[in-house]
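Raw target15.cif, mmCIF, C-alpha atoms and all ligand atoms; chains and numbers go by the auth columns:
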```cif
data_coords
#
loop_
_atom_site.group_PDB
_atom_site.id
_atom_site.type_symbol
_atom_site.label_atom_id
_atom_site.label_comp_id
_atom_site.label_asym_id
_atom_site.label_seq_id
_atom_site.Cartn_x
_atom_site.Cartn_y
_atom_site.Cartn_z
_atom_site.B_iso_or_equiv
_atom_site.auth_seq_id
_atom_site.auth_asym_id
ATOM 1 C CA MET A 1 17.656 60.043 147.741 0.00 27 P
ATOM 2 C CA HIS A 2 15.354 60.612 150.742 0.00 28 P
ATOM 3 C CA THR A 3 13.732 57.173 150.247 0.00 29 P
ATOM 4 C CA GLY A 4 17.131 55.456 150.049 0.00 30 P
ATOM 5 C CA ILE A 5 18.376 57.108 153.237 0.00 31 P
ATOM 6 C CA LEU A 6 15.109 56.219 154.991 0.00 32 P
ATOM 7 C CA TYR A 7 15.610 52.535 154.091 0.00 33 P
ATOM 8 C CA VAL A 8 19.151 52.539 155.438 0.00 34 P
ATOM 9 C CA HIS A 9 18.051 54.430 158.589 0.00 35 P
ATOM 10 C CA SER A 10 15.255 51.914 159.129 0.00 36 P
ATOM 11 C CA TRP A 11 17.474 48.803 158.716 0.00 37 P
ATOM 12 C CA LEU A 12 20.469 50.231 160.547 0.00 38 P
ATOM 13 C CA ARG A 13 18.255 50.406 163.635 0.00 39 P
ATOM 14 C CA TRP A 14 18.649 46.606 163.953 0.00 40 P
ATOM 15 C CA VAL A 15 22.439 46.801 163.702 0.00 41 P
ATOM 16 C CA VAL A 16 22.462 49.535 166.379 0.00 42 P
ATOM 17 C CA LEU A 17 20.119 47.553 168.651 0.00 43 P
ATOM 18 C CA VAL A 18 21.992 44.230 168.361 0.00 44 P
ATOM 19 C CA LEU A 19 25.413 45.849 168.910 0.00 45 P
ATOM 20 C CA LEU A 20 24.176 48.047 171.764 0.00 46 P
ATOM 21 C CA VAL A 21 22.495 45.138 173.564 0.00 47 P
ATOM 22 C CA LEU A 22 25.680 43.042 173.205 0.00 48 P
ATOM 23 C CA ALA A 23 27.911 45.924 174.382 0.00 49 P
ATOM 24 C CA THR A 24 25.626 46.567 177.372 0.00 50 P
ATOM 25 C CA VAL A 25 25.472 42.887 178.408 0.00 51 P
ATOM 26 C CA GLN A 26 29.235 42.607 177.976 0.00 52 P
ATOM 27 C CA ALA A 27 29.765 45.678 180.192 0.00 53 P
ATOM 28 C CA TRP A 28 27.462 44.386 182.977 0.00 54 P
ATOM 29 C CA MET A 29 29.149 40.962 182.893 0.00 55 P
ATOM 30 C CA GLY A 30 32.581 42.583 183.010 0.00 56 P
ATOM 31 C CA TRP A 31 31.579 44.844 185.908 0.00 57 P
ATOM 32 C CA LYS A 32 29.767 42.310 188.069 0.00 58 P
ATOM 33 C CA GLY A 33 32.129 39.443 187.184 0.00 59 P
ATOM 34 C CA ASN A 34 35.261 41.560 187.772 0.00 60 P
ATOM 35 C CA LYS A 35 36.594 40.609 184.336 0.00 61 P
ATOM 36 C CA PRO A 36 39.608 42.174 182.575 0.00 62 P
ATOM 37 C CA TRP A 37 39.043 44.876 179.944 0.00 63 P
ATOM 38 C CA THR A 38 40.081 43.196 176.688 0.00 64 P
ATOM 39 C CA ALA A 39 40.465 44.023 172.997 0.00 65 P
ATOM 40 C CA THR A 40 37.053 42.375 172.401 0.00 66 P
ATOM 41 C CA HIS A 41 35.398 44.894 174.738 0.00 67 P
ATOM 42 C CA LYS A 42 37.119 47.761 172.935 0.00 68 P
ATOM 43 C CA LYS A 43 36.151 46.475 169.476 0.00 69 P
ATOM 44 C CA LEU A 44 32.482 45.868 170.255 0.00 70 P
ATOM 45 C CA ASN A 45 32.169 49.291 171.884 0.00 71 P
ATOM 46 C CA LEU A 46 33.861 50.927 168.879 0.00 72 P
ATOM 47 C CA PHE A 47 31.579 49.196 166.338 0.00 73 P
ATOM 48 C CA THR A 48 28.564 50.245 168.401 0.00 74 P
ATOM 49 C CA LEU A 49 29.809 53.844 168.466 0.00 75 P
ATOM 50 C CA ILE A 50 30.309 53.837 164.683 0.00 76 P
ATOM 51 C CA SER A 51 26.815 52.426 164.012 0.00 77 P
ATOM 52 C CA ILE A 52 25.157 54.941 166.351 0.00 78 P
ATOM 53 C CA HIS A 53 27.022 57.904 164.869 0.00 79 P
ATOM 54 C CA THR A 54 26.166 56.755 161.334 0.00 80 P
ATOM 55 C CA GLN A 55 22.518 56.597 162.402 0.00 81 P
ATOM 56 C CA LEU A 56 22.851 60.152 163.729 0.00 82 P
ATOM 57 C CA LEU A 57 24.177 61.446 160.389 0.00 83 P
ATOM 58 C CA LEU A 58 21.429 59.664 158.416 0.00 84 P
ATOM 59 C CA GLY A 59 18.838 60.969 160.892 0.00 85 P
ATOM 60 C CA PHE A 60 20.001 64.560 160.377 0.00 86 P
ATOM 61 C CA ALA A 61 19.897 64.086 156.593 0.00 87 P
ATOM 62 C CA LEU A 62 16.283 62.848 156.854 0.00 88 P
ATOM 63 C CA TYR A 63 15.398 65.643 159.241 0.00 89 P
ATOM 64 C CA PHE A 64 16.565 68.436 156.943 0.00 90 P
ATOM 65 C CA MET A 65 15.680 66.781 153.607 0.00 91 P
ATOM 66 C CA GLY A 66 12.177 65.784 154.700 0.00 92 P
ATOM 67 C CA PRO A 67 9.333 68.051 155.816 0.00 93 P
ATOM 68 C CA TRP A 68 10.178 67.871 159.543 0.00 94 P
ATOM 69 C CA PHE A 69 12.449 70.847 160.065 0.00 95 P
ATOM 70 C CA SER A 70 10.688 73.202 157.625 0.00 96 P
ATOM 71 C CA GLN A 71 7.291 72.410 159.121 0.00 97 P
ATOM 72 C CA LEU A 72 8.598 72.971 162.619 0.00 98 P
ATOM 73 C CA THR A 73 9.936 76.410 161.770 0.00 99 P
ATOM 74 C CA SER A 74 7.073 77.585 159.525 0.00 100 P
ATOM 75 C CA ASN A 75 4.128 75.990 161.340 0.00 101 P
ATOM 76 C CA THR A 76 5.275 75.434 164.918 0.00 102 P
ATOM 77 C CA LYS A 77 1.804 75.490 166.515 0.00 103 P
ATOM 78 C CA VAL A 78 0.292 72.924 164.141 0.00 104 P
ATOM 79 C CA VAL A 79 3.319 70.638 164.499 0.00 105 P
ATOM 80 C CA MET A 80 3.185 70.772 168.308 0.00 106 P
ATOM 81 C CA LYS A 81 -0.535 69.981 168.295 0.00 107 P
ATOM 82 C CA THR A 82 -0.302 67.092 165.807 0.00 108 P
ATOM 83 C CA ARG A 83 1.104 63.930 167.394 0.00 109 P
ATOM 84 C CA ALA A 84 2.499 62.359 164.173 0.00 110 P
ATOM 85 C CA LEU A 85 4.316 65.562 163.204 0.00 111 P
ATOM 86 C CA ARG A 86 5.533 66.375 166.705 0.00 112 P
ATOM 87 C CA TYR A 87 6.915 62.848 167.121 0.00 113 P
ATOM 88 C CA PHE A 88 9.488 63.084 164.313 0.00 114 P
ATOM 89 C CA ALA A 89 10.004 66.870 164.395 0.00 115 P
ATOM 90 C CA VAL A 90 10.722 66.980 168.150 0.00 116 P
ATOM 91 C CA GLU A 91 10.445 63.792 170.268 0.00 117 P
ATOM 92 C CA HIS A 92 12.374 61.279 168.117 0.00 118 P
ATOM 93 C CA LEU A 93 15.105 63.837 167.433 0.00 119 P
ATOM 94 C CA PHE A 94 15.437 64.939 171.063 0.00 120 P
ATOM 95 C CA LEU A 95 15.486 61.541 172.780 0.00 121 P
ATOM 96 C CA MET A 96 17.781 59.984 170.142 0.00 122 P
ATOM 97 C CA LEU A 97 20.202 62.896 170.588 0.00 123 P
ATOM 98 C CA VAL A 98 20.168 62.342 174.368 0.00 124 P
ATOM 99 C CA ALA A 99 20.825 58.614 173.815 0.00 125 P
ATOM 100 C CA ILE A 100 23.711 59.234 171.421 0.00 126 P
ATOM 101 C CA ILE A 101 25.311 61.863 173.696 0.00 127 P
ATOM 102 C CA VAL A 102 24.983 59.565 176.753 0.00 128 P
ATOM 103 C CA PHE A 103 26.477 56.627 174.827 0.00 129 P
ATOM 104 C CA THR A 104 29.385 58.751 173.569 0.00 130 P
ATOM 105 C CA ILE A 105 30.150 60.075 177.083 0.00 131 P
ATOM 106 C CA GLY A 106 30.091 56.502 178.441 0.00 132 P
ATOM 107 C CA TYR A 107 32.347 55.297 175.632 0.00 133 P
ATOM 108 C CA GLY A 108 34.840 58.089 176.325 0.00 134 P
ATOM 109 C CA ARG A 109 34.816 57.592 180.114 0.00 135 P
ATOM 110 C CA ALA A 110 35.293 53.834 179.800 0.00 136 P
ATOM 111 C CA LYS A 111 38.257 54.476 177.509 0.00 137 P
ATOM 112 C CA ARG A 112 39.878 57.084 179.770 0.00 138 P
ATOM 113 C CA LEU A 113 39.505 55.338 183.149 0.00 139 P
ATOM 114 C CA THR A 114 42.446 53.154 184.170 0.00 140 P
ATOM 115 C CA GLU A 115 40.919 50.441 186.410 0.00 141 P
ATOM 116 C CA ASP A 116 39.239 47.647 184.439 0.00 142 P
ATOM 117 C CA ASN A 117 36.280 47.328 186.816 0.00 143 P
ATOM 118 C CA LYS A 118 35.596 51.093 186.626 0.00 144 P
ATOM 119 C CA LYS A 119 35.745 50.965 182.828 0.00 145 P
ATOM 120 C CA HIS A 120 33.095 48.219 182.776 0.00 146 P
ATOM 121 C CA LYS A 121 30.968 50.088 185.338 0.00 147 P
ATOM 122 C CA ALA A 122 30.986 53.334 183.305 0.00 148 P
ATOM 123 C CA ALA A 123 30.115 51.449 180.122 0.00 149 P
ATOM 124 C CA ALA A 124 27.347 49.442 181.852 0.00 150 P
ATOM 125 C CA ILE A 125 25.612 52.508 183.332 0.00 151 P
ATOM 126 C CA PHE A 126 25.869 54.854 180.337 0.00 152 P
ATOM 127 C CA PHE A 127 25.083 52.189 177.724 0.00 153 P
ATOM 128 C CA THR A 128 22.000 51.050 179.674 0.00 154 P
ATOM 129 C CA ILE A 129 20.642 54.610 179.794 0.00 155 P
ATOM 130 C CA ALA A 130 21.321 55.030 176.052 0.00 156 P
ATOM 131 C CA LEU A 131 19.610 51.716 175.266 0.00 157 P
ATOM 132 C CA VAL A 132 16.488 52.655 177.250 0.00 158 P
ATOM 133 C CA CYS A 133 16.264 56.045 175.461 0.00 159 P
ATOM 134 C CA ILE A 134 16.655 54.398 172.032 0.00 160 P
ATOM 135 C CA LEU A 135 14.065 51.704 172.773 0.00 161 P
ATOM 136 C CA ALA A 136 11.690 54.429 173.989 0.00 162 P
ATOM 137 C CA SER A 137 12.024 56.571 170.869 0.00 163 P
ATOM 138 C CA ILE A 138 11.907 54.064 168.018 0.00 164 P
ATOM 139 C CA PRO A 139 8.622 54.447 166.057 0.00 165 P
ATOM 140 C CA TRP A 140 7.438 50.871 166.827 0.00 166 P
ATOM 141 C CA PRO A 141 4.482 49.617 164.722 0.00 167 P
ATOM 142 C CA PHE A 142 2.134 49.540 167.728 0.00 168 P
ATOM 143 C CA LEU A 143 2.418 53.309 168.277 0.00 169 P
ATOM 144 C CA LYS A 144 -0.813 55.052 167.342 0.00 170 P
ATOM 145 C CA ASN A 145 -1.786 58.356 165.657 0.00 171 P
ATOM 146 C CA GLY A 146 0.321 57.787 162.560 0.00 172 P
ATOM 147 C CA VAL A 147 3.604 57.472 164.454 0.00 173 P
ATOM 148 C CA GLY A 148 4.237 53.710 164.070 0.00 174 P
ATOM 149 C CA ARG A 149 6.458 52.409 161.255 0.00 175 P
ATOM 150 C CA ALA A 150 7.045 48.854 160.013 0.00 176 P
ATOM 151 C CA LEU A 151 9.596 46.667 161.822 0.00 177 P
ATOM 152 C CA PHE A 152 11.199 45.696 158.502 0.00 178 P
ATOM 153 C CA LYS A 153 10.961 48.130 155.598 0.00 179 P
ATOM 154 C CA PHE A 154 10.636 46.463 152.154 0.00 180 P
HETATM 155 C C1 LIG B . 20.151 55.353 167.243 0.00 201 P
HETATM 156 C C2 LIG B . 19.432 56.334 166.782 0.00 201 P
HETATM 157 C C3 LIG B . 18.217 56.201 165.912 0.00 201 P
HETATM 158 C C4 LIG B . 17.434 55.122 165.599 0.00 201 P
HETATM 159 C C5 LIG B . 17.593 53.693 166.100 0.00 201 P
HETATM 160 C C6 LIG B . 16.388 55.598 164.697 0.00 201 P
HETATM 161 C C7 LIG B . 15.381 54.805 164.176 0.00 201 P
HETATM 162 C C8 LIG B . 14.415 55.249 163.296 0.00 201 P
HETATM 163 C C9 LIG B . 13.413 54.427 162.685 0.00 201 P
HETATM 164 C C10 LIG B . 13.250 52.938 162.919 0.00 201 P
HETATM 165 C C11 LIG B . 12.659 55.219 161.860 0.00 201 P
HETATM 166 C C12 LIG B . 11.476 54.779 160.980 0.00 201 P
HETATM 167 C C13 LIG B . 11.978 54.486 159.590 0.00 201 P
HETATM 168 C C14 LIG B . 10.897 53.861 158.751 0.00 201 P
HETATM 169 O O1 LIG B . 10.106 54.615 158.126 0.00 201 P
HETATM 170 O O2 LIG B . 10.854 52.625 158.694 0.00 201 P
HETATM 171 C C15 LIG B . 13.183 56.562 161.974 0.00 201 P
HETATM 172 C C16 LIG B . 12.682 57.640 161.288 0.00 201 P
HETATM 173 C C17 LIG B . 13.219 58.910 161.336 0.00 201 P
HETATM 174 N N1 LIG B . 14.326 59.315 162.061 0.00 201 P
HETATM 175 FE FE1 LIG B . 15.445 58.122 163.271 0.00 201 P
HETATM 176 N N2 LIG B . 16.564 56.951 164.486 0.00 201 P
HETATM 177 C C18 LIG B . 17.658 57.361 165.199 0.00 201 P
HETATM 178 C C19 LIG B . 18.179 58.623 165.289 0.00 201 P
HETATM 179 C C20 LIG B . 17.666 59.711 164.634 0.00 201 P
HETATM 180 C C21 LIG B . 18.165 61.054 164.772 0.00 201 P
HETATM 181 C C22 LIG B . 19.306 61.479 165.699 0.00 201 P
HETATM 182 C C23 LIG B . 17.406 61.836 163.949 0.00 201 P
HETATM 183 C C24 LIG B . 17.484 63.320 163.680 0.00 201 P
HETATM 184 C C25 LIG B . 18.536 64.024 163.753 0.00 201 P
HETATM 185 C C26 LIG B . 16.434 61.011 163.305 0.00 201 P
HETATM 186 C C27 LIG B . 15.502 61.430 162.399 0.00 201 P
HETATM 187 C C28 LIG B . 14.516 60.653 161.849 0.00 201 P
HETATM 188 C C29 LIG B . 13.484 61.153 160.963 0.00 201 P
HETATM 189 C C30 LIG B . 13.333 62.597 160.495 0.00 201 P
HETATM 190 C C31 LIG B . 12.666 60.063 160.639 0.00 201 P
HETATM 191 C C32 LIG B . 11.421 60.087 159.760 0.00 201 P
HETATM 192 C C33 LIG B . 11.833 59.997 158.334 0.00 201 P
HETATM 193 C C34 LIG B . 10.686 60.209 157.402 0.00 201 P
HETATM 194 O O3 LIG B . 9.694 59.453 157.482 0.00 201 P
HETATM 195 O O4 LIG B . 10.796 61.155 156.615 0.00 201 P
HETATM 196 N N3 LIG B . 16.626 59.725 163.751 0.00 201 P
HETATM 197 N N4 LIG B . 14.254 56.569 162.829 0.00 201 P
#
```

Structure translated into structure tokens:
Amino acid sequence: MHTGILYVHSWLRWVVLVLLVLATVQAWMGWKGNKPWTATHKKLNLFTLISIHTQLLLGFALYFMGPWFSQLTSNTKVVMKTRALRYFAVEHLFLMLVAIIVFTIGYGRAKRLTEDNKKHKAAAIFFTIALVCILASIPWPFLKNGVGRALFKF
């Protein structure tokens, strides 16, 4: 069960990244190019929201099913001193949560605002911040001390 969820979590990262990059580019182009807010904008943003929230649910499942949460509560000092443990028990969780909250706020604001240009602006700013946080907290293979994970899990 844990292994299966880990595979999905690992591959879904690419779906999240592709959709989020497209949604962010679309928002910047709409803002700077003064374009109308269309059904395509709404759809892409919605699909991105769904993929990110699915990733959040899978992440929580991994967090509580794996050793991360129990180690953090039973052995806090060791976890905080060990980079590989601290990364998944604290850093990955925290920064991904920030990213998902920022994205969700941006999605909601863009939906609520009435002027098209303001909708694009809200989406562009919030989605960019979310994208930077996600890129910064993915366990890329080049990360050292046992943190890095493969780009494609087979
Ligand atoms: C958009 C958000 C997220 C992305 C793109 C993402 C991406 C990743 C990637 C690529 C891995 C490595 C998987 C592998 O071994 O190949 C990973 C591992 C992990 N993620 Fe996330 N993650 C996200 C959000 C979260 C959240 C919110 C949580 C916790 C609530 C979380 C918890 C974990 C845990 C615990 C692992 C390690 C699993 C293990 O090795 O047991 N992730 N994540």

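Note that atom O3 of ligand LIG 201 (chain P) and atom CA of P:Glu117 are 13.5 Å apart.
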
* **Surroundings of ligand LIG 201 (chain P) up to 8 Å, based on all atoms listed in the file, as a ChimeraX atom specification** => /P:28,32-33,35-40,42-43,77-79,81-90,92-94,114-115,118-120,122-123,125-126,160-161,163-166,174-179

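Between atom CA of P:Asn171 and atom CA of P:Tyr113 the interatomic distance comes to 9.9 Å.
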
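Residues with any atom within 12 Å of P:Asn143, counting all atoms listed in the file and excluding same-chain neighbours fewer than 2 positions away, are Ala53, Trp54, Met55, Gly56, Trp57, Lys58, Gly59, Asn60, Lys61, Pro62, Trp63, Thr64, Ala136, Lys137, Leu139, Thr140, Glu141, Lys145, His146, Lys147, Ala148, Ala149 and Ala150 of chain P.
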
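Nearest to P:Phe153 of all the residues P:Val128, P:Val34, P:Leu111, P:Leu70 is P:Val128, based on only C-alpha atoms.
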
* From P:Asp142, P:Met91, P:Lys107, P:Ile131, residue lying nearest P:Leu75 [all atoms listed in the file] -> P:Ile131

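For the pair atom CA of P:Thr80 and atom CA of P:Ser100, the separation is 28.3 Å.
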
* Asked: Which of these residues is nearest to P:Tyr133, using all atoms listed in the file: P:Ala110, P:Cys159, P:Ile76, P:Val173?
  -> P:Ile76

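When all atoms listed in the file are used to measure the gap to P:Ala156, the shortest distance among P:Leu72, P:Ala49, P:Val105, P:Thr99 belongs to P:Ala49.
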
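Remark: for P:Phe73, the closest of the candidate residues P:Thr102, P:Val41, P:Gln52, P:Gln97 is P:Val41 (distances computed over only C-alpha atoms).
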
* Given all atoms listed in the file as the counted atoms, nearest of P:Val116, P:Arg138, P:Thr74, P:Thr29 to P:Val44 -> P:Thr74

Completed stretch 60-77 of chain P (N, CA, C and O atoms) as a PDB file, in the frame of the given file:
```pdb
ATOM      1  N   ASN P  60      33.873  41.100 187.574  1.00  0.00           N
ATOM      2  CA  ASN P  60      35.261  41.560 187.772  1.00  0.00           C
ATOM      3  C   ASN P  60      36.214  41.053 186.689  1.00  0.00           C
ATOM      4  O   ASN P  60      37.310  40.574 186.983  1.00  0.00           O
ATOM      5  N   LYS P  61      35.792  41.167 185.437  1.00  0.00           N
ATOM      6  CA  LYS P  61      36.594  40.609 184.336  1.00  0.00           C
ATOM      7  C   LYS P  61      37.595  41.648 183.807  1.00  0.00           C
ATOM      8  O   LYS P  61      37.385  42.857 183.968  1.00  0.00           O
ATOM      9  N   PRO P  62      38.666  41.195 183.151  1.00  0.00           N
ATOM     10  CA  PRO P  62      39.608  42.174 182.575  1.00  0.00           C
ATOM     11  C   PRO P  62      39.000  42.885 181.360  1.00  0.00           C
ATOM     12  O   PRO P  62      38.091  42.358 180.721  1.00  0.00           O
ATOM     13  N   TRP P  63      39.490  44.062 181.089  1.00  0.00           N
ATOM     14  CA  TRP P  63      39.043  44.876 179.944  1.00  0.00           C
ATOM     15  C   TRP P  63      39.894  44.457 178.749  1.00  0.00           C
ATOM     16  O   TRP P  63      41.099  44.699 178.723  1.00  0.00           O
ATOM     17  N   THR P  64      39.281  43.786 177.777  1.00  0.00           N
ATOM     18  CA  THR P  64      40.081  43.196 176.688  1.00  0.00           C
ATOM     19  C   THR P  64      39.865  43.921 175.354  1.00  0.00           C
ATOM     20  O   THR P  64      39.008  44.813 175.247  1.00  0.00           O
ATOM     21  N   ALA P  65      40.598  43.451 174.347  1.00  0.00           N
ATOM     22  CA  ALA P  65      40.465  44.023 172.997  1.00  0.00           C
ATOM     23  C   ALA P  65      39.052  43.772 172.448  1.00  0.00           C
ATOM     24  O   ALA P  65      38.532  44.582 171.669  1.00  0.00           O
ATOM     25  N   THR P  66      38.418  42.671 172.864  1.00  0.00           N
ATOM     26  CA  THR P  66      37.053  42.375 172.401  1.00  0.00           C
ATOM     27  C   THR P  66      36.077  43.441 172.915  1.00  0.00           C
ATOM     28  O   THR P  66      35.201  43.901 172.182  1.00  0.00           O
ATOM     29  N   HIS P  67      36.253  43.828 174.178  1.00  0.00           N
ATOM     30  CA  HIS P  67      35.398  44.894 174.738  1.00  0.00           C
ATOM     31  C   HIS P  67      35.558  46.170 173.915  1.00  0.00           C
ATOM     32  O   HIS P  67      34.587  46.799 173.518  1.00  0.00           O
ATOM     33  N   LYS P  68      36.825  46.517 173.665  1.00  0.00           N
ATOM     34  CA  LYS P  68      37.119  47.761 172.935  1.00  0.00           C
ATOM     35  C   LYS P  68      36.492  47.735 171.551  1.00  0.00           C
ATOM     36  O   LYS P  68      35.878  48.708 171.119  1.00  0.00           O
ATOM     37  N   LYS P  69      36.643  46.586 170.860  1.00  0.00           N
ATOM     38  CA  LYS P  69      36.151  46.475 169.476  1.00  0.00           C
ATOM     39  C   LYS P  69      34.644  46.586 169.405  1.00  0.00           C
ATOM     40  O   LYS P  69      34.088  47.324 168.595  1.00  0.00           O
ATOM     41  N   LEU P  70      33.953  45.840 170.281  1.00  0.00           N
ATOM     42  CA  LEU P  70      32.482  45.868 170.255  1.00  0.00           C
ATOM     43  C   LEU P  70      31.974  47.279 170.559  1.00  0.00           C
ATOM     44  O   LEU P  70      31.049  47.783 169.900  1.00  0.00           O
ATOM     45  N   ASN P  71      32.596  47.933 171.553  1.00  0.00           N
ATOM     46  CA  ASN P  71      32.169  49.291 171.884  1.00  0.00           C
ATOM     47  C   ASN P  71      32.405  50.245 170.710  1.00  0.00           C
ATOM     48  O   ASN P  71      31.562  51.096 170.409  1.00  0.00           O
ATOM     49  N   LEU P  72      33.544  50.051 170.017  1.00  0.00           N
ATOM     50  CA  LEU P  72      33.861  50.927 168.879  1.00  0.00           C
ATOM     51  C   LEU P  72      32.857  50.722 167.737  1.00  0.00           C
ATOM     52  O   LEU P  72      32.349  51.694 167.165  1.00  0.00           O
ATOM     53  N   PHE P  73      32.546  49.468 167.416  1.00  0.00           N
ATOM     54  CA  PHE P  73      31.579  49.196 166.338  1.00  0.00           C
ATOM     55  C   PHE P  73      30.207  49.780 166.685  1.00  0.00           C
ATOM     56  O   PHE P  73      29.502  50.298 165.827  1.00  0.00           O
ATOM     57  N   THR P  74      29.856  49.690 167.975  1.00  0.00           N
ATOM     58  CA  THR P  74      28.564  50.245 168.401  1.00  0.00           C
ATOM     59  C   THR P  74      28.570  51.765 168.217  1.00  0.00           C
ATOM     60  O   THR P  74      27.611  52.345 167.700  1.00  0.00           O
ATOM     61  N   LEU P  75      29.676  52.386 168.611  1.00  0.00           N
ATOM     62  CA  LEU P  75      29.809  53.844 168.466  1.00  0.00           C
ATOM     63  C   LEU P  75      29.672  54.250 166.996  1.00  0.00           C
ATOM     64  O   LEU P  75      28.938  55.187 166.655  1.00  0.00           O
ATOM     65  N   ILE P  76      30.347  53.498 166.115  1.00  0.00           N
ATOM     66  CA  ILE P  76      30.309  53.837 164.683  1.00  0.00           C
ATOM     67  C   ILE P  76      28.878  53.701 164.148  1.00  0.00           C
ATOM     68  O   ILE P  76      28.385  54.580 163.439  1.00  0.00           O
ATOM     69  N   SER P  77      28.177  52.623 164.531  1.00  0.00           N
ATOM     70  CA  SER P  77      26.815  52.426 164.012  1.00  0.00           C
ATOM     71  C   SER P  77      25.877  53.531 164.520  1.00  0.00           C
ATOM     72  O   SER P  77      25.045  54.046 163.772  1.00  0.00           O
TER      73      SER P  77
END
```
